[in-house]
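Novice: Input: one structure, supplied below.
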Amino acid sequence: MQQKTIGKYRWVIATLLLFSTTINYMDRQVISYVKEFFCTPVARGGFGWSNSDFSYVTSFFTAFYAGITIIAGRVIDKIGTKLGLALSLIIWSVFGMLNALAGRVLALHIIIRSLFGVGEAGNFPASIKTVAEWFPKRERALATGFFNSGSNLGAMISSLVVPWMMAYWGYREGWKMAYLITGAVGLIWLIFWFVLYYPPSRHPKLGREEYEYIHSDDEAPTDREDESTRIKTPWSKLLGYRQTWAFFWGKFMTDGVWWFYLFWLPDYLKKQFGMTGEAVMLPTFIVYGVAIFGSIFGGSIPMMFMNKGWQVYRARMTAMLIIAVFPLLVISCQFFGDVDIFGKAAVTLSIAMICIGAAAHQAWSANIFTTVSDMFPKKAVASVTGIGGMAGGIGGVLVQLLAGKLTDHFSKTPQTAYLIMFTICGLAYLVAWAIMKSLVPKYRPITDL
């Protein structure tokens, strides 16, 4: 009797997550390209912000993003991923567009960007929970890497369209159009989400063979999706597990690095190489484009070990250790970026180091997110992801405030400020891995929730 082929509909769902994440990061990234105008002196037509002023806007956004992520995870565990992700996108799209009405008032930008962060906070808890519901454990890092590559795609799109909008409409109107147009795109995605997404147990296009494959490596009957996946698990109980704290510290130590690349890379290119306006389009596009390969390839590394018979946690942590070594190259960024030594090649060499760091971060991210669904039952995945998202946001706030203070303090020698920042970025992953491994030295799935 011929064996029936397992369907691929789960990858349709992953593609929906890819596009939601792309939109999420496209909207988020706009502010980094309008910074040049915002920080231009008032006498020259800008807003007259300092680097610290800019860091306050991004830090408040990150703080609200972090604080709401933990709540968003709880809400999504309760109402489900379909409604939860839709509500999240509506909120961030609306406030993203409202940012165009803020004028030059710093406080108003902070308020609107903070509320924008409230909406954006739901994307990752909902997406990680969806992957846990739609993919077997052996494929989750790959699926996570696939949808998480949207963070690079979104940044790539912003790197091209926002500088173009600023040039086409002029700085005075271009920044407004950037917020309006990118914010409106998300509302189109909602149509496809509502038409194509249902939970696996109720999806009319999901075959029985694929449904059984999705649950083929569940370790307990409670891992199957049913109404129990919406039962609340108290935060106090989740915080009692070392596995939760391993994820917490892993995110706290490393998420800020990605926030730094997102919000400060155009400023670095300006301060280090004198690039402004459309000149930053190509190098930033390249950085985020290369990072896509890190996201997808990083998700496949533990699969290679698992195919050799390795246990899931050993494969995952080994992959993460390998990945954690590569960001060390970022520390050499300022050396290779020295024009006096390397001349015109300095830009290329410096960008190459940042490309490696960005790709390594995305590879790391694909795997650290999956540690949650590896060790926790599906009903707790969004909540634990929210806790980690909060931790990552706190780390992001600290990194951005530090970047603002350093670039203001070393305003005459910004190379020193960025040397300090790149050193922090380079060391963060090995420190994070060591903390995670010390908290959970061996695979210990949670079975008592």
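In the structure tokens, chains take the letters A, B, ... in the order shown, each chain's residues start at 1, and ligands count up from 1 in the order shown.
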Leaving out A:Tyr268 and any residue of its chain fewer than 2 positions from it, which residues lie within 10 Å of it when counting only C-alpha atoms, given as a list in words?
Specialist: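 Residues near the query, excluding close chain neighbours: Tyr261, Phe263, Trp264, Leu265, Pro266, Lys270, Lys271, Gln272, Phe273, Gly274, Met275, Val280, Thr407, Pro414, Gln415, Ala417 and Tyr418 of chain A.
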Novice: Taking only C-alpha atoms into account, produce a table as a Markdown table in which each residue of stretch 253-311 of chain A with an atom at most 10 Å from an atom of stretch 153-161 of chain A appears once, together with its shortest atom pair and the distance in Å to one decimal, ordered by chain and rising number.
Specialist:
```
| residue | atom | partner | partner_atom | distance |
| --- | --- | --- | --- | --- |
| A:Leu262 | CA | A:Ala155 | CA | 7.6 |
| A:Pro266 | CA | A:Ser159 | CA | 9.3 |
| A:Glu278 | CA | A:Leu160 | CA | 8.2 |
| A:Val280 | CA | A:Ser159 | CA | 7.7 |
| A:Met281 | CA | A:Ser159 | CA | 5.2 |
| A:Leu282 | CA | A:Ser159 | CA | 7.7 |
| A:Pro283 | CA | A:Ser159 | CA | 8.9 |
| A:Thr284 | CA | A:Ser159 | CA | 6.1 |
| A:Phe285 | CA | A:Met156 | CA | 4.8 |
| A:Ile286 | CA | A:Met156 | CA | 7.8 |
| A:Val287 | CA | A:Met156 | CA | 8.3 |
| A:Tyr288 | CA | A:Met156 | CA | 5.7 |
| A:Gly289 | CA | A:Met156 | CA | 6.5 |
| A:Ala291 | CA | A:Leu153 | CA | 9.2 |
| A:Ile292 | CA | A:Leu153 | CA | 7.5 |
```
Novice: Using DSSP on the backbone, list every residue of stretch 155-337 of chain A that comes out as helix (DSSP H, G or I), and give them as a ChimeraX atom specification.
Specialist: /A:155-169,171-196,200-202,208-214,221-223,227-230,235-238,242-273,277-307,312-336
Novice: I'd like the neighbourhood of A:Trp11 as a list in words, where a residue qualifies if any of its atoms comes within 10 Å (using only C-alpha atoms), though same-chain residues fewer than 6 positions away should be ignored.
Specialist: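 In the requested form, the answer reads Leu17, Val131, Trp134, Phe135, Ala143, Phe146 and Phe147 of chain A.
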Novice: Measuring atom to atom with only C-alpha atoms, identify which of A:Gln362, A:Ser383, A:Thr244, A:Ser88 is nearest to A:Gly73.
Specialist: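 Ranking A:Gln362, A:Ser383, A:Thr244, A:Ser88 by distance to A:Gly73, first place goes to A:Ser383.
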Novice: Hey, can you check how far atom CA of A:Phe369 sits from atom CA of A:Gly7?
Specialist: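 For atom CA of A:Phe369 relative to atom CA of A:Gly7, the distance reads 25.0 Å.
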Novice: Between A:Ile79, A:Ile13, A:Ala141, A:Ala428, which one has atoms that come closest to A:Met303, using only C-alpha atoms?
Specialist: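 Among the listed residues, the smallest separation from A:Met303 belongs to A:Ala141.
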Novice: Name the residues in contact with A:Ser127 at a cut-off of 12 Å, using only C-alpha atoms, excluding same-chain residues fewer than 6 positions from it; report them as a VMD selection string.
Specialist: chain A and resid 13 to 21 24 72 to 73 76 to 77 80 to 82 84 to 86 88 120 to 121 133 to 135 140 143 to 148 150 366 369 to 370 373 381 to 382 385 to 386
Novice: Please compute the atom CA of A:Leu269-atom CA of A:Gly389 distance, one decimal, in Å.
Specialist: 28.4 Å
Novice: One decimal, Å: what's the distance from atom CA of A:Val431 over to atom CA of A:Ala63, could you say?
Specialist: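 Pair atom CA of A:Val431 / atom CA of A:Ala63 returns 22.8 Å.
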Novice: Pick from A:Arg314, A:Phe335, A:His203, A:Phe37: nearest to A:Gly174, with only C-alpha atoms counted?
Specialist: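 Among the listed residues, the smallest separation from A:Gly174 belongs to A:Phe37.
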Novice: Go through A:Ala100, A:Leu83, A:Ala315, A:Ile354 and flag the residue nearest A:Val257, using only C-alpha atoms for the distances.
Specialist: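 Answer, going by the shortest atom-to-atom distance: A:Ile354.
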